[in-house]
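Enquirer: Please find start20.pdb (PDB, C-alpha atoms and all ligand atoms) on the next line:
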```
ATOM      1  CA  MET A   1      -4.878  39.462   7.560
ATOM      2  CA  ILE A   2      -6.907  40.593  10.575
ATOM      3  CA  ALA A   3      -9.760  38.264   9.588
ATOM      4  CA  GLN A   4      -7.359  35.308   9.320
ATOM      5  CA  ASN A   5      -5.745  36.185  12.642
ATOM      6  CA  LEU A   6      -9.137  36.257  14.337
ATOM      7  CA  ALA A   7     -10.091  32.913  12.846
ATOM      8  CA  LYS A   8      -6.824  31.405  14.050
ATOM      9  CA  ILE A   9      -7.330  32.723  17.592
ATOM     10  CA  ARG A  10     -10.914  31.442  17.734
ATOM     11  CA  ARG A  11      -9.664  28.027  16.612
ATOM     12  CA  ARG A  12      -6.980  28.082  19.289
ATOM     13  CA  ILE A  13      -9.536  28.948  21.969
ATOM     14  CA  ASP A  14     -11.829  26.164  20.765
ATOM     15  CA  GLY A  15      -8.857  23.793  20.840
ATOM     16  CA  VAL A  16      -8.275  24.296  24.563
ATOM     17  CA  LYS A  17     -10.303  22.127  26.895
ATOM     18  CA  HIS A  18     -12.707  24.340  28.854
ATOM     19  CA  SER A  19     -16.289  24.386  30.057
ATOM     20  CA  GLN A  20     -16.875  28.124  30.594
ATOM     21  CA  GLN A  21     -18.075  30.557  27.929
ATOM     22  CA  VAL A  22     -15.098  32.556  26.581
ATOM     23  CA  THR A  23     -15.407  35.962  24.923
ATOM     24  CA  LEU A  24     -12.556  37.354  22.860
ATOM     25  CA  VAL A  25     -11.897  41.053  23.517
ATOM     26  CA  ALA A  26      -9.906  42.575  20.649
ATOM     27  CA  VAL A  27      -7.456  45.091  22.090
ATOM     28  CA  GLY A  28      -7.097  47.976  19.657
ATOM     29  CA  LYS A  29      -4.732  50.366  21.391
ATOM     30  CA  THR A  30      -2.659  52.363  18.866
ATOM     31  CA  LYS A  31      -4.656  50.769  16.017
ATOM     32  CA  SER A  32      -6.963  52.732  13.724
ATOM     33  CA  ALA A  33     -10.729  52.608  13.401
ATOM     34  CA  ALA A  34     -10.125  51.103   9.943
ATOM     35  CA  ASP A  35      -8.231  48.208  11.554
ATOM     36  CA  LEU A  36     -11.072  47.705  14.022
ATOM     37  CA  GLN A  37     -13.550  47.804  11.146
ATOM     38  CA  GLN A  38     -11.738  44.887   9.531
ATOM     39  CA  ALA A  39     -12.215  42.921  12.734
ATOM     40  CA  ILE A  40     -15.885  43.945  12.880
ATOM     41  CA  ASP A  41     -16.352  42.742   9.306
ATOM     42  CA  ALA A  42     -14.923  39.408  10.456
ATOM     43  CA  GLY A  43     -17.570  39.159  13.186
ATOM     44  CA  GLN A  44     -15.706  40.692  16.142
ATOM     45  CA  ARG A  45     -17.978  42.605  18.573
ATOM     46  CA  HIS A  46     -16.003  43.179  21.800
ATOM     47  CA  PHE A  47     -13.203  45.751  21.800
ATOM     48  CA  GLY A  48     -10.771  46.764  24.537
ATOM     49  CA  GLU A  49      -9.012  50.116  24.773
ATOM     50  CA  ASN A  50      -6.379  51.554  27.130
ATOM     51  CA  TYR A  51      -6.167  55.212  26.205
ATOM     52  CA  LEU A  52      -9.313  57.259  26.675
ATOM     53  CA  GLN A  53      -8.886  59.954  24.034
ATOM     54  CA  GLU A  54      -7.927  57.460  21.370
ATOM     55  CA  ALA A  55     -10.807  55.207  22.385
ATOM     56  CA  LEU A  56     -13.388  58.000  22.239
ATOM     57  CA  GLU A  57     -12.390  58.816  18.676
ATOM     58  CA  LYS A  58     -12.860  55.218  17.574
ATOM     59  CA  ILE A  59     -16.126  54.825  19.497
ATOM     60  CA  GLU A  60     -17.451  57.902  17.673
ATOM     61  CA  ILE A  61     -16.371  56.656  14.248
ATOM     62  CA  LEU A  62     -17.798  53.164  14.824
ATOM     63  CA  LYS A  63     -20.917  54.224  16.752
ATOM     64  CA  ASN A  64     -23.493  52.929  14.278
ATOM     65  CA  GLN A  65     -22.472  49.325  14.856
ATOM     66  CA  ALA A  66     -23.544  47.193  17.804
ATOM     67  CA  LEU A  67     -20.223  46.891  19.646
ATOM     68  CA  VAL A  68     -19.280  46.245  23.264
ATOM     69  CA  TRP A  69     -16.522  48.524  24.583
ATOM     70  CA  HIS A  70     -14.170  47.535  27.389
ATOM     71  CA  PHE A  71     -11.897  50.002  29.165
ATOM     72  CA  ILE A  72      -8.771  48.078  30.219
ATOM     73  CA  GLY A  73      -6.217  50.830  30.905
ATOM     74  CA  ALA A  74      -5.071  52.737  33.977
ATOM     75  CA  ILE A  75      -7.824  55.047  35.242
ATOM     76  CA  GLN A  76      -7.170  58.587  36.421
ATOM     77  CA  SER A  77      -9.922  60.264  38.420
ATOM     78  CA  ASN A  78     -10.426  62.959  35.832
ATOM     79  CA  LYS A  79     -11.221  60.314  33.190
ATOM     80  CA  THR A  80     -13.979  58.449  35.019
ATOM     81  CA  LYS A  81     -16.826  60.561  33.646
ATOM     82  CA  ALA A  82     -16.063  59.849  29.997
ATOM     83  CA  ILE A  83     -15.425  56.181  30.812
ATOM     84  CA  ALA A  84     -18.795  55.928  32.602
ATOM     85  CA  GLN A  85     -20.516  57.559  29.631
ATOM     86  CA  ASN A  86     -18.942  55.557  26.820
ATOM     87  CA  PHE A  87     -18.044  52.039  27.920
ATOM     88  CA  ASP A  88     -19.934  48.837  28.755
ATOM     89  CA  TRP A  89     -17.215  47.211  30.853
ATOM     90  CA  VAL A  90     -14.283  48.510  32.913
ATOM     91  CA  HIS A  91     -11.641  45.877  33.730
ATOM     92  CA  SER A  92      -9.173  48.043  35.600
ATOM     93  CA  VAL A  93     -10.923  49.261  38.749
ATOM     94  CA  ASP A  94      -8.430  49.072  41.607
ATOM     95  CA  GLN A  95      -9.716  51.602  44.136
ATOM     96  CA  LEU A  96     -13.106  52.135  45.725
ATOM     97  CA  LYS A  97     -12.792  55.835  44.991
ATOM     98  CA  ILE A  98     -12.762  55.093  41.261
ATOM     99  CA  ALA A  99     -15.780  52.795  41.596
ATOM    100  CA  GLN A 100     -17.659  55.527  43.463
ATOM    101  CA  ARG A 101     -16.967  58.019  40.714
ATOM    102  CA  LEU A 102     -18.009  55.603  37.961
ATOM    103  CA  ASN A 103     -21.223  54.832  39.865
ATOM    104  CA  HIS A 104     -22.003  58.502  40.346
ATOM    105  CA  GLN A 105     -21.206  59.392  36.732
ATOM    106  CA  ARG A 106     -22.911  56.504  34.920
ATOM    107  CA  PRO A 107     -25.744  58.106  32.897
ATOM    108  CA  LEU A 108     -29.169  57.022  34.152
ATOM    109  CA  GLY A 109     -30.441  56.043  30.713
ATOM    110  CA  LEU A 110     -27.749  53.405  30.264
ATOM    111  CA  LYS A 111     -27.595  49.872  31.631
ATOM    112  CA  LYS A 112     -25.448  49.321  34.701
ATOM    113  CA  LEU A 113     -21.746  49.571  33.979
ATOM    114  CA  ASN A 114     -20.025  46.195  34.431
ATOM    115  CA  VAL A 115     -16.796  46.458  36.396
ATOM    116  CA  LEU A 116     -13.965  44.131  37.310
ATOM    117  CA  LEU A 117     -11.504  44.516  40.151
ATOM    118  CA  GLN A 118      -7.963  44.432  38.827
ATOM    119  CA  VAL A 119      -5.890  42.120  41.012
ATOM    120  CA  ASN A 120      -2.117  42.426  41.370
ATOM    121  CA  ILE A 121      -1.923  38.672  41.583
ATOM    122  CA  ASP A 122       1.863  38.416  41.818
ATOM    123  CA  HIS A 123       2.417  41.308  44.247
ATOM    124  CA  GLU A 124       4.484  43.214  41.703
ATOM    125  CA  ALA A 125       5.583  46.680  42.821
ATOM    126  CA  THR A 126       5.337  47.998  39.259
ATOM    127  CA  LYS A 127       1.778  46.825  38.611
ATOM    128  CA  SER A 128      -1.534  48.326  39.575
ATOM    129  CA  GLY A 129      -4.328  46.289  41.076
ATOM    130  CA  VAL A 130      -5.504  45.346  44.533
ATOM    131  CA  LEU A 131      -3.584  42.799  46.548
ATOM    132  CA  VAL A 132      -5.155  39.415  47.099
ATOM    133  CA  GLU A 133      -5.438  39.971  50.848
ATOM    134  CA  ASP A 134      -7.502  43.126  50.251
ATOM    135  CA  ILE A 135     -10.134  41.545  47.994
ATOM    136  CA  GLU A 136     -12.323  40.137  50.727
ATOM    137  CA  ALA A 137     -12.907  43.530  52.340
ATOM    138  CA  LEU A 138     -13.471  45.285  49.008
ATOM    139  CA  VAL A 139     -15.993  43.039  47.277
ATOM    140  CA  PRO A 140     -18.948  43.666  49.674
ATOM    141  CA  GLN A 141     -18.456  47.429  49.290
ATOM    142  CA  PHE A 142     -19.720  47.214  45.724
ATOM    143  CA  GLU A 143     -23.203  46.316  46.962
ATOM    144  CA  GLN A 144     -23.797  49.987  47.800
ATOM    145  CA  PHE A 145     -23.697  50.958  44.129
ATOM    146  CA  GLN A 146     -26.839  51.387  42.003
ATOM    147  CA  HIS A 147     -25.321  52.136  38.622
ATOM    148  CA  ILE A 148     -22.324  49.841  38.401
ATOM    149  CA  VAL A 149     -22.137  46.115  39.071
ATOM    150  CA  LEU A 150     -19.072  44.153  40.107
ATOM    151  CA  ARG A 151     -18.852  41.075  37.860
ATOM    152  CA  GLY A 152     -15.445  39.625  38.763
ATOM    153  CA  PHE A 153     -11.711  40.113  38.436
ATOM    154  CA  MET A 154      -8.972  40.961  35.971
ATOM    155  CA  CYS A 155      -5.233  40.292  36.165
ATOM    156  CA  ILE A 156      -1.997  40.710  34.236
ATOM    157  CA  PRO A 157       0.270  38.029  35.705
ATOM    158  CA  HIS A 158       4.029  37.979  35.761
ATOM    159  CA  PRO A 159       5.035  36.133  32.561
ATOM    160  CA  ASN A 160       7.169  33.612  34.445
ATOM    161  CA  GLN A 161       4.251  32.228  36.405
ATOM    162  CA  ALA A 162       1.213  32.883  34.279
ATOM    163  CA  GLU A 163      -0.426  29.502  34.727
ATOM    164  CA  GLN A 164      -0.006  29.450  38.490
ATOM    165  CA  SER A 165      -1.470  32.956  38.688
ATOM    166  CA  PHE A 166      -4.418  32.067  36.426
ATOM    167  CA  LYS A 167      -5.212  29.134  38.695
ATOM    168  CA  ALA A 168      -5.029  31.394  41.746
ATOM    169  CA  MET A 169      -7.460  33.837  40.087
ATOM    170  CA  SER A 170      -9.830  31.030  39.294
ATOM    171  CA  ASN A 171      -9.815  29.956  42.946
ATOM    172  CA  ILE A 172     -10.531  33.513  44.064
ATOM    173  CA  LEU A 173     -13.552  33.756  41.738
ATOM    174  CA  LYS A 174     -14.952  30.507  43.153
ATOM    175  CA  LYS A 175     -15.314  32.173  46.560
ATOM    176  CA  TYR A 176     -17.927  34.545  45.131
ATOM    177  CA  PRO A 177     -20.968  32.760  43.711
ATOM    178  CA  ASN A 178     -22.455  36.088  42.582
ATOM    179  CA  LEU A 179     -19.477  36.896  40.373
ATOM    180  CA  ASP A 180     -19.024  35.252  36.977
ATOM    181  CA  THR A 181     -16.199  36.984  35.099
ATOM    182  CA  LEU A 182     -12.434  36.463  34.868
ATOM    183  CA  SER A 183     -10.531  38.691  32.448
ATOM    184  CA  MET A 184      -7.108  37.150  31.876
ATOM    185  CA  GLY A 185      -4.845  36.066  29.056
ATOM    186  CA  MET A 186      -3.190  38.136  26.312
ATOM    187  CA  SER A 187      -1.436  37.187  23.065
ATOM    188  CA  ALA A 188       1.372  35.368  24.866
ATOM    189  CA  ASP A 189      -0.768  33.262  27.175
ATOM    190  CA  PHE A 190      -4.461  33.257  26.306
ATOM    191  CA  ASP A 191      -4.520  29.475  25.770
ATOM    192  CA  LEU A 192      -3.333  28.928  29.342
ATOM    193  CA  ALA A 193      -5.850  31.468  30.608
ATOM    194  CA  VAL A 194      -8.742  29.701  28.846
ATOM    195  CA  LYS A 195      -7.583  26.371  30.227
ATOM    196  CA  ASN A 196      -7.703  27.889  33.703
ATOM    197  CA  GLY A 197     -11.086  29.573  33.619
ATOM    198  CA  ALA A 198     -10.823  32.886  31.734
ATOM    199  CA  THR A 199     -14.172  34.216  30.503
ATOM    200  CA  PHE A 200     -12.625  37.237  28.724
ATOM    201  CA  VAL A 201      -9.286  37.004  26.955
ATOM    202  CA  ARG A 202      -7.774  40.330  25.861
ATOM    203  CA  VAL A 203      -5.779  39.936  22.671
ATOM    204  CA  GLY A 204      -4.101  42.731  20.712
ATOM    205  CA  THR A 205      -0.883  41.811  18.921
ATOM    206  CA  ASP A 206      -2.055  38.433  17.635
ATOM    207  CA  ILE A 207      -5.029  40.123  15.951
ATOM    208  CA  PHE A 208      -3.715  43.491  14.763
ATOM    209  CA  GLY A 209       0.070  42.921  14.639
ATOM    210  CA  GLN A 210       2.836  44.622  16.570
ATOM    211  CA  ARG A 211       2.091  48.040  17.983
ATOM    212  CA  VAL A 212       4.160  51.019  16.914
ATOM    213  CA  TYR A 213       4.354  53.811  19.480
ATOM    214  CA  SER A 214       5.222  57.153  17.954
TER     215      SER A 214
HETATM  216  C1  LIG A 301      -2.208  45.789  25.478
HETATM  217  C2  LIG A 301      -3.002  44.987  26.438
HETATM  218  C3  LIG A 301      -3.486  43.715  26.092
HETATM  219  C4  LIG A 301      -3.174  43.027  24.778
HETATM  220  O1  LIG A 301      -1.856  42.622  24.774
HETATM  221  P1  LIG A 301      -1.212  41.768  23.547
HETATM  222  O2  LIG A 301       0.015  41.192  24.130
HETATM  223  O3  LIG A 301      -0.964  42.745  22.460
HETATM  224  O4  LIG A 301      -2.218  40.742  23.176
HETATM  225  C5  LIG A 301      -4.259  43.047  27.025
HETATM  226  N1  LIG A 301      -4.555  43.583  28.225
HETATM  227  C6  LIG A 301      -4.094  44.794  28.596
HETATM  228  C7  LIG A 301      -4.448  45.319  29.939
HETATM  229  C8  LIG A 301      -3.302  45.527  27.718
HETATM  230  O5  LIG A 301      -2.845  46.724  28.106
END
```
If you convert what's in this file into structure tokens, what do you get?
Expert:
Amino acid sequence: MIAQNLAKIRRRIDGVKHSQQVTLVAVGKTKSAADLQQAIDAGQRHFGENYLQEALEKIEILKNQALVWHFIGAIQSNKTKAIAQNFDWVHSVDQLKIAQRLNHQRPLGLKKLNVLLQVNIDHEATKSGVLVEDIEALVPQFEQFQHIVLRGFMCIPHPNQAEQSFKAMSNILKKYPNLDTLSMGMSADFDLAVKNGATFVRVGTDIFGQRVYS
């Protein structure tokens, strides 16, 4: 099932007109390492996780395979060390303080940690992320870091205006020639995100099925 779902999603991405390279990040929150292994066997390499403890268990179980791990969940200060030690990408940086900690805690033997600024593109009170008007002051601050590198932006738009918000994100990225990454689009809207410039789409339900929270 998971293999078929992945094939269907890849076909859907290919079916959308786009010129950028798009990488599918399989979001495995609440799903087992065995589920992820099925995706790996079907050629999937990039995985996204929201909950640190759960992620660390799966990273340990799957460690002998060449995977790319993306942290996409809310980040508490006391979790930055383990995130810096175990992930390749962090999509959900929304404060300089968190970036500073990740930079300080990234082990020296590893490649630079790739980070994205999460943008609260629709100014929603309930969502994390930096506001659009704060981006311009924040981006240059990342130049001080030696062990992390800002690559672009991530957003979770309001469902009623996803396309408009994806377009707005794409316009923001264009202002920064040194940045190349837009993480946007989930099961409900990844086609629209690809059409509007996403380079990472983060898909969970359409790959692994509905999540059950116990
Ligand atoms: C859960 C989650 C996803 C995947 O959502 P689906 O609707 O299951 O595809 C993507 N991004 C983030 C930040 C998530 O928390």
Enquirer: Go ahead and compute the interatomic distance for atom CA of Val130 of chain A and atom CA of Glu143 of chain A, in Å to one decimal.
Expert: 17.9 Å
Enquirer: Neighbouring residues of segment 159-170 of chain A were defined as those with any atom within 7 Å, considering only C-alpha atoms; residues of the same chain fewer than 6 positions away were excluded. Please report them as a list in words.
Expert: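 The residues that qualify are Ile121, Leu192, Ala193, Asn196 and Gly197 of chain A.
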Enquirer: When distances are computed from all atoms listed in the file, which of A:Val25, A:Leu108, A:Ile172, A:Ile83 shows the smallest separation from Leu67 of chain A?
Expert: A:Val25
Enquirer: Counting all atoms listed in the file, figure out which residue out of A:Lys112, A:Lys127, A:Arg10, A:His104 gets nearest to ligand LIG 301 (chain A).
Expert: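 Closest to ligand LIG 301 (chain A) of all the choices is A:Lys127.
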Enquirer: Mind listing the residues within 10 Å of ligand LIG 301 (chain A), all atoms listed in the file counted, as a PyMOL selection string?
Expert: chain A and resi 25-30+48-51+71-74+91-92+118+154-156+183-190+201-211
Enquirer: Do you know which residues the PyMOL selection byres (((chain A and resi 40) around 12) and not hetatm) returns on this file, as a list in words?
Expert: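 Checked against the file, the PyMOL selection byres (((chain A and resi 40) around 12) and not hetatm) matches Ile2, Ala3, Leu6, Val25, Ala26, Gly28, Ala33, Ala34, Asp35, Leu36, Gln37, Gln38, Ala39, Asp41, Ala42, Gly43, Gln44, Arg45, His46, Phe47, Leu62, Asn64, Gln65, Ala66, Leu67, Val68 and Ile207 of chain A.
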Enquirer: May I have the centre and edge lengths, in Å to one decimal, of an axis-aligned box around the listed atoms of segment 143-156 of chain A with 5 Å added to every side, as lines of an AutoDock Vina configuration file?
Expert:
```
center_x = -14.4
center_y = 45.9
center_z = 41.0
size_x = 34.8
size_y = 22.5
size_z = 23.6
```
Enquirer: Find the residue from A:Gln85, A:Gln20, A:Gln53, A:Gln95 that sits nearest to Val119 of chain A; use all atoms listed in the file when measuring.
Expert: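 Ranked by minimum distance to Val119 of chain A, first place goes to A:Gln95.
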Enquirer: Put segment 198-211 of chain A into a file with all heavy atoms, as a PDB file, in the first residue's frame.
Expert:
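Heads up, here's the output in out.pdb:
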```pdb
ATOM      1  N   ALA A 198       7.244  25.078  -4.744  1.00  0.00           N
ATOM      2  CA  ALA A 198       7.772  24.277  -3.630  1.00  0.00           C
ATOM      3  C   ALA A 198       8.969  23.450  -4.089  1.00  0.00           C
ATOM      4  O   ALA A 198       8.953  22.884  -5.185  1.00  0.00           O
ATOM      5  CB  ALA A 198       6.688  23.345  -3.096  1.00  0.00           C
ATOM      6  N   THR A 199      10.003  23.368  -3.242  1.00  0.00           N
ATOM      7  CA  THR A 199      11.114  22.456  -3.534  1.00  0.00           C
ATOM      8  C   THR A 199      11.081  21.240  -2.593  1.00  0.00           C
ATOM      9  O   THR A 199      11.601  20.187  -2.928  1.00  0.00           O
ATOM     10  CB  THR A 199      12.483  23.160  -3.446  1.00  0.00           C
ATOM     11  OG1 THR A 199      12.676  23.638  -2.123  1.00  0.00           O
ATOM     12  CG2 THR A 199      12.557  24.327  -4.426  1.00  0.00           C
ATOM     13  N   PHE A 200      10.494  21.389  -1.410  1.00  0.00           N
ATOM     14  CA  PHE A 200      10.132  20.247  -0.562  1.00  0.00           C
ATOM     15  C   PHE A 200       8.624  20.236  -0.388  1.00  0.00           C
ATOM     16  O   PHE A 200       8.037  21.278  -0.057  1.00  0.00           O
ATOM     17  CB  PHE A 200      10.717  20.361   0.856  1.00  0.00           C
ATOM     18  CG  PHE A 200      12.180  20.085   0.985  1.00  0.00           C
ATOM     19  CD1 PHE A 200      13.000  20.966   1.673  1.00  0.00           C
ATOM     20  CD2 PHE A 200      12.746  18.928   0.457  1.00  0.00           C
ATOM     21  CE1 PHE A 200      14.361  20.717   1.822  1.00  0.00           C
ATOM     22  CE2 PHE A 200      14.109  18.668   0.605  1.00  0.00           C
ATOM     23  CZ  PHE A 200      14.915  19.569   1.286  1.00  0.00           C
ATOM     24  N   VAL A 201       7.986  19.094  -0.610  1.00  0.00           N
ATOM     25  CA  VAL A 201       6.610  18.919  -0.152  1.00  0.00           C
ATOM     26  C   VAL A 201       6.653  17.908   0.991  1.00  0.00           C
ATOM     27  O   VAL A 201       7.442  16.967   0.967  1.00  0.00           O
ATOM     28  CB  VAL A 201       5.654  18.451  -1.280  1.00  0.00           C
ATOM     29  CG1 VAL A 201       5.443  19.559  -2.306  1.00  0.00           C
ATOM     30  CG2 VAL A 201       6.155  17.184  -1.958  1.00  0.00           C
ATOM     31  N   ARG A 202       5.834  18.140   2.017  1.00  0.00           N
ATOM     32  CA  ARG A 202       5.846  17.307   3.219  1.00  0.00           C
ATOM     33  C   ARG A 202       4.531  16.538   3.288  1.00  0.00           C
ATOM     34  O   ARG A 202       3.498  17.087   3.613  1.00  0.00           O
ATOM     35  CB  ARG A 202       5.994  18.178   4.481  1.00  0.00           C
ATOM     36  CG  ARG A 202       7.119  19.218   4.423  1.00  0.00           C
ATOM     37  CD  ARG A 202       7.101  20.074   5.685  1.00  0.00           C
ATOM     38  NE  ARG A 202       5.803  20.641   5.962  1.00  0.00           N
ATOM     39  CZ  ARG A 202       5.384  21.833   5.529  1.00  0.00           C
ATOM     40  NH1 ARG A 202       6.171  22.612   4.828  1.00  0.00           N
ATOM     41  NH2 ARG A 202       4.165  22.251   5.820  1.00  0.00           N
ATOM     42  N   VAL A 203       4.580  15.258   2.977  1.00  0.00           N
ATOM     43  CA  VAL A 203       3.344  14.494   2.848  1.00  0.00           C
ATOM     44  C   VAL A 203       3.342  13.321   3.828  1.00  0.00           C
ATOM     45  O   VAL A 203       4.281  12.520   3.850  1.00  0.00           O
ATOM     46  CB  VAL A 203       3.178  13.981   1.397  1.00  0.00           C
ATOM     47  CG1 VAL A 203       1.899  13.158   1.265  1.00  0.00           C
ATOM     48  CG2 VAL A 203       3.165  15.157   0.416  1.00  0.00           C
ATOM     49  N   GLY A 204       2.295  13.259   4.648  1.00  0.00           N
ATOM     50  CA  GLY A 204       2.151  12.172   5.613  1.00  0.00           C
ATOM     51  C   GLY A 204       0.990  11.260   5.266  1.00  0.00           C
ATOM     52  O   GLY A 204       1.160  10.124   4.809  1.00  0.00           O
ATOM     53  N   THR A 205      -0.220  11.769   5.473  1.00  0.00           N
ATOM     54  CA  THR A 205      -1.434  10.956   5.336  1.00  0.00           C
ATOM     55  C   THR A 205      -1.541  10.234   3.988  1.00  0.00           C
ATOM     56  O   THR A 205      -1.896   9.051   3.946  1.00  0.00           O
ATOM     57  CB  THR A 205      -2.676  11.855   5.538  1.00  0.00           C
ATOM     58  OG1 THR A 205      -2.510  12.572   6.767  1.00  0.00           O
ATOM     59  CG2 THR A 205      -3.950  11.036   5.595  1.00  0.00           C
ATOM     60  N   ASP A 206      -1.241  10.919   2.915  1.00  0.00           N
ATOM     61  CA  ASP A 206      -1.380  10.300   1.593  1.00  0.00           C
ATOM     62  C   ASP A 206      -0.387   9.162   1.359  1.00  0.00           C
ATOM     63  O   ASP A 206      -0.583   8.345   0.461  1.00  0.00           O
ATOM     64  CB  ASP A 206      -1.230  11.348   0.480  1.00  0.00           C
ATOM     65  CG  ASP A 206      -2.551  12.066   0.176  1.00  0.00           C
ATOM     66  OD1 ASP A 206      -3.530  11.869   0.927  1.00  0.00           O
ATOM     67  OD2 ASP A 206      -2.591  12.822  -0.816  1.00  0.00           O
ATOM     68  N   ILE A 207       0.664   9.110   2.170  1.00  0.00           N
ATOM     69  CA  ILE A 207       1.625   8.000   2.055  1.00  0.00           C
ATOM     70  C   ILE A 207       1.289   6.886   3.040  1.00  0.00           C
ATOM     71  O   ILE A 207       1.177   5.717   2.668  1.00  0.00           O
ATOM     72  CB  ILE A 207       3.079   8.477   2.325  1.00  0.00           C
ATOM     73  CG1 ILE A 207       3.500   9.522   1.297  1.00  0.00           C
ATOM     74  CG2 ILE A 207       4.040   7.283   2.321  1.00  0.00           C
ATOM     75  CD1 ILE A 207       4.855  10.165   1.597  1.00  0.00           C
ATOM     76  N   PHE A 208       1.132   7.267   4.322  1.00  0.00           N
ATOM     77  CA  PHE A 208       1.046   6.268   5.393  1.00  0.00           C
ATOM     78  C   PHE A 208      -0.377   6.023   5.888  1.00  0.00           C
ATOM     79  O   PHE A 208      -0.592   5.177   6.747  1.00  0.00           O
ATOM     80  CB  PHE A 208       1.912   6.704   6.583  1.00  0.00           C
ATOM     81  CG  PHE A 208       3.384   6.819   6.260  1.00  0.00           C
ATOM     82  CD1 PHE A 208       4.019   8.042   6.230  1.00  0.00           C
ATOM     83  CD2 PHE A 208       4.129   5.678   5.975  1.00  0.00           C
ATOM     84  CE1 PHE A 208       5.368   8.159   5.946  1.00  0.00           C
ATOM     85  CE2 PHE A 208       5.488   5.767   5.685  1.00  0.00           C
ATOM     86  CZ  PHE A 208       6.107   7.012   5.662  1.00  0.00           C
ATOM     87  N   GLY A 209      -1.352   6.786   5.407  1.00  0.00           N
ATOM     88  CA  GLY A 209      -2.729   6.657   5.900  1.00  0.00           C
ATOM     89  C   GLY A 209      -2.984   7.582   7.069  1.00  0.00           C
ATOM     90  O   GLY A 209      -2.089   8.284   7.544  1.00  0.00           O
ATOM     91  N   GLN A 210      -4.234   7.585   7.515  1.00  0.00           N
ATOM     92  CA  GLN A 210      -4.632   8.457   8.622  1.00  0.00           C
ATOM     93  C   GLN A 210      -3.794   8.167   9.865  1.00  0.00           C
ATOM     94  O   GLN A 210      -3.421   7.025  10.103  1.00  0.00           O
ATOM     95  CB  GLN A 210      -6.110   8.217   8.980  1.00  0.00           C
ATOM     96  CG  GLN A 210      -7.092   8.699   7.927  1.00  0.00           C
ATOM     97  CD  GLN A 210      -7.203  10.214   7.875  1.00  0.00           C
ATOM     98  OE1 GLN A 210      -6.786  10.909   8.788  1.00  0.00           O
ATOM     99  NE2 GLN A 210      -7.742  10.723   6.777  1.00  0.00           N
ATOM    100  N   ARG A 211      -3.532   9.223  10.627  1.00  0.00           N
ATOM    101  CA  ARG A 211      -2.827   9.031  11.884  1.00  0.00           C
ATOM    102  C   ARG A 211      -3.812   8.758  13.003  1.00  0.00           C
ATOM    103  O   ARG A 211      -4.870   9.344  13.070  1.00  0.00           O
ATOM    104  CB  ARG A 211      -2.007  10.286  12.238  1.00  0.00           C
ATOM    105  CG  ARG A 211      -0.790  10.462  11.374  1.00  0.00           C
ATOM    106  CD  ARG A 211      -0.050  11.726  11.750  1.00  0.00           C
ATOM    107  NE  ARG A 211      -0.753  12.921  11.353  1.00  0.00           N
ATOM    108  CZ  ARG A 211      -0.682  13.486  10.144  1.00  0.00           C
ATOM    109  NH1 ARG A 211       0.075  12.933   9.216  1.00  0.00           N
ATOM    110  NH2 ARG A 211      -1.331  14.576   9.871  1.00  0.00           N
TER     111      ARG A 211
END
```
